[in-house]
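**Q** Just upload09.cif, nothing more (mmCIF, C-alpha atoms):
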data_model
#
loop_
_atom_site.label_atom_id
_atom_site.label_comp_id
_atom_site.auth_asym_id
_atom_site.auth_seq_id
_atom_site.Cartn_x
_atom_site.Cartn_y
_atom_site.Cartn_z
CA MET A 22 -21.26 -123.93 31.97
CA ASN A 23 -21.69 -123.77 35.73
CA GLU A 24 -21.95 -120.29 37.29
CA GLU A 25 -19.21 -121.08 39.79
CA ALA A 26 -16.88 -122.18 37.00
CA GLU A 27 -17.58 -118.93 35.10
CA PHE A 28 -16.75 -117.01 38.29
CA ALA A 29 -13.45 -118.89 38.65
CA ILE A 30 -12.56 -118.08 35.03
CA ASP A 31 -13.48 -114.40 35.48
CA THR A 32 -11.36 -114.22 38.64
CA ALA A 33 -8.43 -115.74 36.74
CA ARG A 34 -8.93 -113.19 33.92
CA GLU A 35 -8.80 -110.33 36.47
CA GLN A 36 -5.60 -111.68 38.04
CA MET A 37 -4.02 -112.11 34.60
CA ASP A 38 -5.03 -108.54 33.69
CA LYS A 39 -3.33 -107.31 36.86
CA ALA A 40 -0.15 -109.23 35.97
CA VAL A 41 -0.05 -107.65 32.50
CA SER A 42 -0.83 -104.16 33.88
CA HIS A 43 1.97 -104.52 36.40
CA LEU A 44 4.33 -105.59 33.61
CA GLU A 45 3.37 -102.53 31.55
CA ALA A 46 4.04 -100.25 34.52
CA GLU A 47 7.44 -101.88 35.17
CA LEU A 48 8.45 -101.69 31.50
CA ILE A 49 7.73 -97.96 31.44
CA LYS A 50 10.28 -97.52 34.25
CA ILE A 51 13.01 -99.19 32.18
CA ARG A 52 14.47 -96.37 30.17
CA ALA A 53 15.32 -96.93 26.56
CA GLY A 54 17.70 -94.02 26.10
CA ARG A 55 15.02 -91.36 25.76
CA ALA A 56 14.26 -89.02 28.62
CA THR A 57 10.77 -89.34 30.10
CA PRO A 58 9.25 -87.73 33.21
CA SER A 59 8.28 -91.23 34.44
CA MET A 60 11.98 -91.91 35.07
CA LEU A 61 11.57 -89.81 38.21
CA ASP A 62 8.37 -91.47 39.49
CA ASN A 63 10.21 -93.11 42.38
CA VAL A 64 11.94 -89.92 43.56
CA PHE A 65 10.62 -88.46 46.82
CA VAL A 66 11.56 -85.06 48.25
CA ASP A 67 11.50 -83.89 51.86
CA TYR A 68 8.84 -81.16 51.63
CA TYR A 69 8.45 -79.46 55.02
CA GLY A 70 9.13 -82.72 56.84
CA VAL A 71 6.87 -84.87 54.62
CA ARG A 72 8.15 -87.35 52.02
CA THR A 73 6.45 -86.11 48.86
CA PRO A 74 6.68 -87.38 45.26
CA LEU A 75 8.79 -85.09 43.08
CA SER A 76 5.88 -84.59 40.68
CA GLN A 77 3.83 -82.97 43.49
CA VAL A 78 6.35 -80.20 44.22
CA SER A 79 7.47 -79.31 40.68
CA ASN A 80 6.81 -79.38 36.96
CA ILE A 81 8.79 -82.10 35.16
CA ASN A 82 9.39 -81.66 31.42
CA THR A 83 11.47 -83.21 28.66
CA PRO A 84 12.51 -80.43 26.29
CA ASP A 85 14.38 -82.96 24.13
CA ALA A 86 15.17 -86.69 24.02
CA ARG A 87 18.30 -86.34 26.18
CA SER A 88 17.28 -83.99 29.00
CA ILE A 89 14.75 -83.55 31.79
CA THR A 90 13.97 -80.22 33.44
CA ILE A 91 12.45 -79.95 36.90
CA GLN A 92 11.03 -76.56 37.81
CA PRO A 93 10.02 -76.45 41.49
CA TRP A 94 7.06 -74.36 42.55
CA GLU A 95 9.22 -72.93 45.34
CA LYS A 96 12.83 -71.83 44.76
CA THR A 97 13.81 -73.18 48.19
CA MET A 98 13.16 -76.72 46.87
CA LEU A 99 16.02 -76.66 44.33
CA ASP A 100 18.64 -78.16 46.67
CA PRO A 101 16.35 -80.80 48.22
CA ILE A 102 15.26 -81.90 44.73
CA THR A 103 18.87 -82.16 43.54
CA LYS A 104 19.79 -84.21 46.62
CA ALA A 105 16.73 -86.46 46.28
CA ILE A 106 17.59 -87.27 42.65
CA GLN A 107 21.17 -88.11 43.62
CA ALA A 108 19.96 -90.22 46.58
CA ALA A 109 17.54 -92.15 44.33
CA ASN A 110 20.62 -93.69 42.66
CA LEU A 111 19.24 -93.49 39.13
CA GLY A 112 22.62 -92.80 37.56
CA PHE A 113 21.82 -89.15 36.89
CA ASN A 114 23.92 -86.13 37.74
CA PRO A 115 21.47 -83.23 38.16
CA THR A 116 22.62 -79.62 37.82
CA ASN A 117 20.95 -76.61 39.39
CA ASN A 118 20.90 -73.29 37.51
CA SER A 119 19.10 -71.36 40.32
CA THR A 120 15.71 -71.57 38.57
CA MET A 121 15.42 -75.24 37.71
CA VAL A 122 17.15 -78.60 37.99
CA ILE A 123 18.44 -80.02 34.71
CA ILE A 124 19.27 -83.66 34.12
CA ASN A 125 21.20 -84.74 31.04
CA VAL A 126 20.29 -88.37 30.35
CA PRO A 127 23.42 -90.14 29.18
CA ALA A 128 23.32 -92.26 26.03
CA LEU A 129 23.15 -95.97 26.72
CA THR A 130 26.14 -98.19 26.04
CA GLU A 131 25.67 -101.52 24.27
CA GLU A 132 26.38 -103.37 27.53
CA ARG A 133 23.81 -101.27 29.40
CA ARG A 134 21.23 -101.93 26.66
CA LYS A 135 21.75 -105.67 27.04
CA ASP A 136 21.34 -105.36 30.82
CA LEU A 137 18.08 -103.46 30.32
CA VAL A 138 16.81 -106.17 27.96
CA LYS A 139 17.62 -108.77 30.64
CA LYS A 140 15.76 -106.70 33.20
CA ALA A 141 12.74 -106.40 30.89
CA LYS A 142 12.75 -110.17 30.30
CA ALA A 143 12.91 -110.77 34.06
CA GLU A 144 9.85 -108.54 34.52
CA GLY A 145 8.14 -110.51 31.75
CA GLU A 146 8.93 -113.74 33.53
CA HIS A 147 7.40 -112.35 36.75
CA ALA A 148 4.23 -111.53 34.79
CA LYS A 149 4.13 -115.04 33.32
CA VAL A 150 4.50 -116.53 36.79
CA GLY A 151 1.53 -114.42 37.92
CA ILE A 152 -0.50 -115.62 34.95
CA ARG A 153 0.36 -119.28 35.61
CA THR A 154 -0.49 -118.85 39.29
CA ALA A 155 -3.91 -117.48 38.30
CA ARG A 156 -4.38 -120.49 36.00
CA LYS A 157 -3.46 -122.92 38.77
CA THR A 158 -5.84 -121.26 41.25
CA ALA A 159 -8.69 -121.25 38.71
CA ASN A 160 -8.13 -124.93 37.84
CA GLU A 161 -8.18 -125.85 41.53
CA GLU A 162 -11.43 -123.91 42.03
CA VAL A 163 -13.05 -125.61 39.03
CA LYS A 164 -12.09 -129.05 40.32
CA LYS A 165 -13.76 -128.31 43.68
CA ILE A 166 -17.10 -127.58 41.96
CA LYS A 167 -19.58 -130.43 41.81
CA MET A 168 -20.29 -130.76 38.08
CA PRO A 169 -19.88 -133.38 35.32
CA GLU A 170 -16.35 -134.33 34.27
CA ASP A 171 -16.80 -133.04 30.69
CA GLU A 172 -17.78 -129.58 32.02
CA ILE A 173 -14.66 -129.57 34.20
CA LYS A 174 -12.55 -130.35 31.10
CA ASP A 175 -14.30 -127.56 29.14
CA ALA A 176 -13.60 -125.08 31.93
CA GLU A 177 -9.95 -126.15 32.13
CA GLU A 178 -9.62 -125.72 28.35
CA LYS A 179 -11.07 -122.20 28.60
CA ILE A 180 -8.63 -121.38 31.40
CA GLN A 181 -5.71 -122.72 29.34
CA LYS A 182 -6.79 -120.70 26.28
CA LEU A 183 -7.02 -117.60 28.49
CA THR A 184 -3.54 -118.33 29.87
CA ASP A 185 -2.11 -118.71 26.35
CA ASP A 186 -3.67 -115.40 25.28
CA TYR A 187 -2.17 -113.52 28.23
CA VAL A 188 1.26 -115.13 27.83
CA SER A 189 1.29 -114.05 24.18
CA ARG A 190 0.40 -110.49 25.30
CA VAL A 191 3.38 -110.52 27.65
CA ASP A 192 5.62 -111.75 24.81
CA LYS A 193 4.38 -108.92 22.54
CA HIS A 194 5.10 -106.32 25.25
CA LEU A 195 8.60 -107.74 25.75
CA GLU A 196 9.28 -107.86 22.02
CA GLY A 197 8.29 -104.19 21.66
CA LYS A 198 10.34 -103.10 24.66
CA GLU A 199 13.40 -105.07 23.51
CA LYS A 200 13.17 -103.43 20.08
CA ASP A 201 12.79 -100.04 21.78
CA ILE A 202 15.84 -100.60 24.03
CA LEU A 203 18.12 -101.91 21.29
CA THR A 204 17.27 -99.11 18.82
CA VAL A 205 20.15 -96.65 18.95
#
Give the structure from this file in structure tokens form.
**A**
Amino acid sequence: MNEEAEFAIDTAREQMDKAVSHLEAELIKIRAGRATPSMLDNVFVDYYGVRTPLSQVSNINTPDARSITIQPWEKTMLDPITKAIQAANLGFNPTNNSTMVIINVPALTEERRKDLVKKAKAEGEHAKVGIRTARKTANEEVKKIKMPEDEIKDAEEKIQKLTDDYVSRVDKHLEGKEKDILTV
């Protein structure tokens, strides 16, 4: 196959990899009832006038499946951390015991679980759109290359097979996350 066609296919593979990686990162943010430190990845604290990620001013632990503890490196950060978590609008009500901030993660209701499944499926659809966009771009690049018609068809078939593989990966990720969310 033509070197330019191989390059177009490799570029499509990279874009599809990015779409799946982004999906994985987004699915981690969707909580499935268990407490994880990654739930607080988007929380920023005012640290001496600088917006700083919570993980850079404290230790974040999950002593059990229903709670998160945040132990700041400086005691003066307890109130700013509590306020930052409340301002992040994550649905948590942090408490401060003068040494650490404790968050009790509430159990998910059936309605909330269904909403989270919908959100996960929406993220999956975004990933599939990214994959299909990469396919379209690669097909357009292949058609621009001056090569025999049968080689163009072969390249398009490879691109389609690649697309199918990545879409099935997305479906597997979604299936696993849906099972995880709906497990009580």
**Q** So, with only C-alpha atoms as the atoms that count, which of A:His43, A:Glu146, A:Asn80, A:Asn63 lies closest to Trp94 in chain A?
**A**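 Nearest candidate to Trp94 in chain A out of A:His43, A:Glu146, A:Asn80, A:Asn63: A:Asn80.
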**Q** Fewer than 3 positions away in the same chain doesn't count, so skip those; otherwise give me all residues within 12 Å of Glu24 in chain A, counting only C-alpha atoms, as an NGL selection string.
**A** :A and (27-31 or 163 or 166-168 or 172 or 176)
**Q** With the PyMOL selection byres ((chain A and resi 110-122) around 7) as the selection, what would be picked from this file? Answer as a list in words, please.
**A**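 Checking the PyMOL selection byres ((chain A and resi 110-122) around 7) against this file, the residues are Thr90, Ile91, Gln92, Pro93, Lys96, Leu99, Thr103, Gln107, Ala108, Ala109, Ile123, Ile124 and Val126 of chain A.
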**Q** I'd like to know which of A:Leu75, A:Val66, A:Ala33, A:Ala56 is closest to Ile89 in chain A, using all atoms listed in the file.
**A**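 Result for the nearest residue to Ile89 in chain A: A:Ala56.
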**Q** Can you pull out the residues contacting range 188-196 of chain A? Cut-off 8 Å, using only C-alpha atoms, and skip same-chain residues under 4 positions away; I want them as an mmCIF file with C-alpha atoms, keeping the file's coordinate frame.
**A**
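Saved file selection_8.cif follows:
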data_model
loop_
_atom_site.group_PDB
_atom_site.id
_atom_site.type_symbol
_atom_site.label_atom_id
_atom_site.label_comp_id
_atom_site.auth_asym_id
_atom_site.auth_seq_id
_atom_site.Cartn_x
_atom_site.Cartn_y
_atom_site.Cartn_z
ATOM 1 C CA VAL A 41 -0.050 -107.650 32.500
ATOM 2 C CA LEU A 44 4.330 -105.590 33.610
ATOM 3 C CA GLU A 45 3.370 -102.530 31.550
ATOM 4 C CA ALA A 141 12.740 -106.400 30.890
ATOM 5 C CA LYS A 142 12.750 -110.170 30.300
ATOM 6 C CA GLY A 145 8.140 -110.510 31.750
ATOM 7 C CA ALA A 148 4.230 -111.530 34.790
ATOM 8 C CA LYS A 149 4.130 -115.040 33.320
ATOM 9 C CA ILE A 152 -0.500 -115.620 34.950
ATOM 10 C CA THR A 184 -3.540 -118.330 29.870
ATOM 11 C CA LYS A 200 13.170 -103.430 20.080
#
**Q** Take the PyMOL selection byres ((chain A and resi 160) around 12), apply it to the structure above, and return the hits as a PDB file with C-alpha atoms, keeping the file's coordinate frame.
**A**
ATOM      1  CA  GLU A  25     -19.210-121.080  39.790  1.00  0.00           C
ATOM      2  CA  ALA A  26     -16.880-122.180  37.000  1.00  0.00           C
ATOM      3  CA  GLU A  27     -17.580-118.930  35.100  1.00  0.00           C
ATOM      4  CA  PHE A  28     -16.750-117.010  38.290  1.00  0.00           C
ATOM      5  CA  ALA A  29     -13.450-118.890  38.650  1.00  0.00           C
ATOM      6  CA  ILE A  30     -12.560-118.080  35.030  1.00  0.00           C
ATOM      7  CA  THR A  32     -11.360-114.220  38.640  1.00  0.00           C
ATOM      8  CA  ALA A  33      -8.430-115.740  36.740  1.00  0.00           C
ATOM      9  CA  ARG A 153       0.360-119.280  35.610  1.00  0.00           C
ATOM     10  CA  THR A 154      -0.490-118.850  39.290  1.00  0.00           C
ATOM     11  CA  ALA A 155      -3.910-117.480  38.300  1.00  0.00           C
ATOM     12  CA  ARG A 156      -4.380-120.490  36.000  1.00  0.00           C
ATOM     13  CA  LYS A 157      -3.460-122.920  38.770  1.00  0.00           C
ATOM     14  CA  THR A 158      -5.840-121.260  41.250  1.00  0.00           C
ATOM     15  CA  ALA A 159      -8.690-121.250  38.710  1.00  0.00           C
ATOM     16  CA  GLU A 161      -8.180-125.850  41.530  1.00  0.00           C
ATOM     17  CA  GLU A 162     -11.430-123.910  42.030  1.00  0.00           C
ATOM     18  CA  VAL A 163     -13.050-125.610  39.030  1.00  0.00           C
ATOM     19  CA  LYS A 164     -12.090-129.050  40.320  1.00  0.00           C
ATOM     20  CA  LYS A 165     -13.760-128.310  43.680  1.00  0.00           C
ATOM     21  CA  ILE A 166     -17.100-127.580  41.960  1.00  0.00           C
ATOM     22  CA  ILE A 173     -14.660-129.570  34.200  1.00  0.00           C
ATOM     23  CA  LYS A 174     -12.550-130.350  31.100  1.00  0.00           C
ATOM     24  CA  ASP A 175     -14.300-127.560  29.140  1.00  0.00           C
ATOM     25  CA  ALA A 176     -13.600-125.080  31.930  1.00  0.00           C
ATOM     26  CA  GLU A 177      -9.950-126.150  32.130  1.00  0.00           C
ATOM     27  CA  GLU A 178      -9.620-125.720  28.350  1.00  0.00           C
ATOM     28  CA  LYS A 179     -11.070-122.200  28.600  1.00  0.00           C
ATOM     29  CA  ILE A 180      -8.630-121.380  31.400  1.00  0.00           C
ATOM     30  CA  GLN A 181      -5.710-122.720  29.340  1.00  0.00           C
ATOM     31  CA  LEU A 183      -7.020-117.600  28.490  1.00  0.00           C
ATOM     32  CA  THR A 184      -3.540-118.330  29.870  1.00  0.00           C
TER      33      THR A 184
END
**Q** In Å to one decimal, how far is CA of Asp38 in chain A from CA of Gly197 in chain A?
**A**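 So the answer is 18.5 Å.
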**Q** Quick one: of A:Ala105, A:Val138, A:Met22, A:Val150, who's nearest to Leu61 in chain A, counting all atoms listed in the file?
**A**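 Checking each of A:Ala105, A:Val138, A:Met22, A:Val150 against Leu61 in chain A, counting all atoms listed in the file, the winner is A:Ala105.
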**Q** Counting only C-alpha atoms, which of A:Asn23, A:Lys135, A:Ala86, A:Ile106 gets nearest to Asp62 in chain A?
**A**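 Closest residue, counting only C-alpha atoms: A:Ile106.
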**Q** What does the structure give for the distance between CA of Asp201 in chain A and CA of Met37 in chain A, in Å to one decimal?
**A**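 Result for CA of Asp201 in chain A versus CA of Met37 in chain A: 24.3 Å, one decimal.
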**Q** Could you tell me which of A:Thr73, A:Lys198, A:Ser42, A:Val64 comes closest to Arg134 in chain A if we count all atoms listed in the file?
**A**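 Once distances to Arg134 in chain A are computed over all atoms listed in the file, the minimum belongs to A:Lys198.
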**Q** So what does the PyMOL selection byres ((chain A and resi 68) around 12) actually pick up in this one, as a list in words?
**A** Phe65, Val66, Asp67, Tyr69, Gly70, Val71, Arg72, Thr73, Pro74, Leu75, Ser76, Gln77, Val78, Ser79, Pro93, Trp94, Glu95, Thr97, Met98, Leu99, Asp100, Pro101, Ile102 and Ala105 of chain A
**Q** CA of Gln36 in chain A and CA of Ile202 in chain A are how many Å apart?
**A**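 Distance reported for this atom pair: 27.9 Å.
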**Q** Pop range 118-155 of chain A out of the structure in the block and write N, CA and C atoms as an mmCIF file, in the first residue's frame.
**A**
data_model
loop_
_atom_site.group_PDB
_atom_site.id
_atom_site.type_symbol
_atom_site.label_atom_id
_atom_site.label_comp_id
_atom_site.auth_asym_id
_atom_site.auth_seq_id
_atom_site.Cartn_x
_atom_site.Cartn_y
_atom_site.Cartn_z
ATOM 1 N N ASN A 118 -13.028 18.560 60.848
ATOM 2 C CA ASN A 118 -12.860 18.197 62.258
ATOM 3 C C ASN A 118 -11.595 18.801 62.873
ATOM 4 N N SER A 119 -11.114 19.893 62.308
ATOM 5 C CA SER A 119 -9.950 20.670 62.733
ATOM 6 C C SER A 119 -8.598 20.012 62.412
ATOM 7 N N THR A 120 -8.616 18.807 61.866
ATOM 8 C CA THR A 120 -7.365 18.209 61.370
ATOM 9 C C THR A 120 -7.492 17.774 59.920
ATOM 10 N N MET A 121 -8.712 17.469 59.505
ATOM 11 C CA MET A 121 -8.933 17.048 58.122
ATOM 12 C C MET A 121 -10.368 17.333 57.706
ATOM 13 N N VAL A 122 -10.590 17.298 56.399
ATOM 14 C CA VAL A 122 -11.933 17.465 55.852
ATOM 15 C C VAL A 122 -12.432 16.065 55.505
ATOM 16 N N ILE A 123 -13.667 15.778 55.923
ATOM 17 C CA ILE A 123 -14.242 14.455 55.676
ATOM 18 C C ILE A 123 -15.482 14.619 54.811
ATOM 19 N N ILE A 124 -15.559 13.790 53.780
ATOM 20 C CA ILE A 124 -16.729 13.798 52.903
ATOM 21 C C ILE A 124 -17.376 12.421 52.972
ATOM 22 N N ASN A 125 -18.643 12.396 53.337
ATOM 23 C CA ASN A 125 -19.404 11.150 53.279
ATOM 24 C C ASN A 125 -20.120 11.122 51.932
ATOM 25 N N VAL A 126 -19.780 10.129 51.110
ATOM 26 C CA VAL A 126 -20.379 10.019 49.775
ATOM 27 C C VAL A 126 -21.728 9.333 49.929
ATOM 28 N N PRO A 127 -22.797 10.039 49.577
ATOM 29 C CA PRO A 127 -24.124 9.439 49.749
ATOM 30 C C PRO A 127 -24.351 8.283 48.771
ATOM 31 N N ALA A 128 -25.156 7.324 49.206
ATOM 32 C CA ALA A 128 -25.512 6.205 48.333
ATOM 33 C C ALA A 128 -26.352 6.743 47.171
ATOM 34 N N LEU A 129 -26.210 6.118 46.032
ATOM 35 C CA LEU A 129 -26.942 6.572 44.855
ATOM 36 C C LEU A 129 -28.362 6.022 44.841
ATOM 37 N N THR A 130 -29.304 6.866 44.462
ATOM 38 C CA THR A 130 -30.685 6.409 44.295
ATOM 39 C C THR A 130 -30.804 5.757 42.920
ATOM 40 N N GLU A 131 -31.865 5.009 42.716
ATOM 41 C CA GLU A 131 -32.077 4.348 41.425
ATOM 42 C C GLU A 131 -32.177 5.379 40.297
ATOM 43 N N GLU A 132 -32.863 6.481 40.570
ATOM 44 C CA GLU A 132 -33.015 7.539 39.562
ATOM 45 C C GLU A 132 -31.653 8.139 39.211
ATOM 46 N N ARG A 133 -30.829 8.373 40.235
ATOM 47 C CA ARG A 133 -29.497 8.947 40.009
ATOM 48 C C ARG A 133 -28.628 7.974 39.217
ATOM 49 N N ARG A 134 -28.758 6.684 39.493
ATOM 50 C CA ARG A 134 -27.994 5.670 38.748
ATOM 51 C C ARG A 134 -28.361 5.706 37.267
ATOM 52 N N LYS A 135 -29.660 5.832 36.995
ATOM 53 C CA LYS A 135 -30.095 5.893 35.594
ATOM 54 C C LYS A 135 -29.571 7.152 34.906
ATOM 55 N N ASP A 136 -29.538 8.267 35.634
ATOM 56 C CA ASP A 136 -28.972 9.502 35.084
ATOM 57 C C ASP A 136 -27.490 9.335 34.767
ATOM 58 N N LEU A 137 -26.763 8.656 35.662
ATOM 59 C CA LEU A 137 -25.338 8.443 35.437
ATOM 60 C C LEU A 137 -25.095 7.535 34.232
ATOM 61 N N VAL A 138 -25.966 6.539 34.049
ATOM 62 C CA VAL A 138 -25.854 5.668 32.867
ATOM 63 C C VAL A 138 -26.066 6.494 31.601
ATOM 64 N N LYS A 139 -27.068 7.393 31.639
ATOM 65 C CA LYS A 139 -27.309 8.271 30.481
ATOM 66 C C LYS A 139 -26.093 9.137 30.198
ATOM 67 N N LYS A 140 -25.500 9.658 31.252
ATOM 68 C CA LYS A 140 -24.317 10.504 31.093
ATOM 69 C C LYS A 140 -23.159 9.702 30.490
ATOM 70 N N ALA A 141 -22.979 8.482 30.965
ATOM 71 C CA ALA A 141 -21.919 7.620 30.430
ATOM 72 C C ALA A 141 -22.164 7.327 28.947
ATOM 73 N N LYS A 142 -23.421 7.058 28.601
ATOM 74 C CA LYS A 142 -23.742 6.780 27.192
ATOM 75 C C LYS A 142 -23.511 8.014 26.328
ATOM 76 N N ALA A 143 -23.796 9.195 26.860
ATOM 77 C CA ALA A 143 -23.545 10.435 26.116
ATOM 78 C C ALA A 143 -22.044 10.602 25.862
ATOM 79 N N GLU A 144 -21.230 10.299 26.869
ATOM 80 C CA GLU A 144 -19.775 10.370 26.693
ATOM 81 C C GLU A 144 -19.325 9.357 25.645
ATOM 82 N N GLY A 145 -19.937 8.170 25.661
ATOM 83 C CA GLY A 145 -19.625 7.153 24.655
ATOM 84 C C GLY A 145 -19.975 7.627 23.258
ATOM 85 N N GLU A 146 -21.087 8.319 23.148
ATOM 86 C CA GLU A 146 -21.504 8.835 21.841
ATOM 87 C C GLU A 146 -20.520 9.900 21.354
ATOM 88 N N HIS A 147 -20.024 10.735 22.270
ATOM 89 C CA HIS A 147 -19.003 11.728 21.894
ATOM 90 C C HIS A 147 -17.752 11.025 21.356
ATOM 91 N N ALA A 148 -17.361 9.943 22.016
ATOM 92 C CA ALA A 148 -16.175 9.194 21.569
ATOM 93 C C ALA A 148 -16.410 8.601 20.180
ATOM 94 N N LYS A 149 -17.615 8.062 19.967
ATOM 95 C CA LYS A 149 -17.927 7.484 18.650
ATOM 96 C C LYS A 149 -17.915 8.547 17.565
ATOM 97 N N VAL A 150 -18.402 9.743 17.887
ATOM 98 C CA VAL A 150 -18.368 10.845 16.921
ATOM 99 C C VAL A 150 -16.912 11.174 16.568
ATOM 100 N N GLY A 151 -16.045 11.196 17.574
ATOM 101 C CA GLY A 151 -14.625 11.445 17.335
ATOM 102 C C GLY A 151 -14.008 10.388 16.442
ATOM 103 N N ILE A 152 -14.387 9.132 16.675
ATOM 104 C CA ILE A 152 -13.876 8.025 15.864
ATOM 105 C C ILE A 152 -14.363 8.151 14.421
ATOM 106 N N ARG A 153 -15.646 8.456 14.253
ATOM 107 C CA ARG A 153 -16.190 8.593 12.891
ATOM 108 C C ARG A 153 -15.588 9.799 12.168
ATOM 109 N N THR A 154 -15.298 10.851 12.905
ATOM 110 C CA THR A 154 -14.651 12.020 12.304
ATOM 111 C C THR A 154 -13.253 11.646 11.817
ATOM 112 N N ALA A 155 -12.535 10.869 12.609
ATOM 113 C CA ALA A 155 -11.198 10.411 12.203
ATOM 114 C C ALA A 155 -11.302 9.541 10.946
#
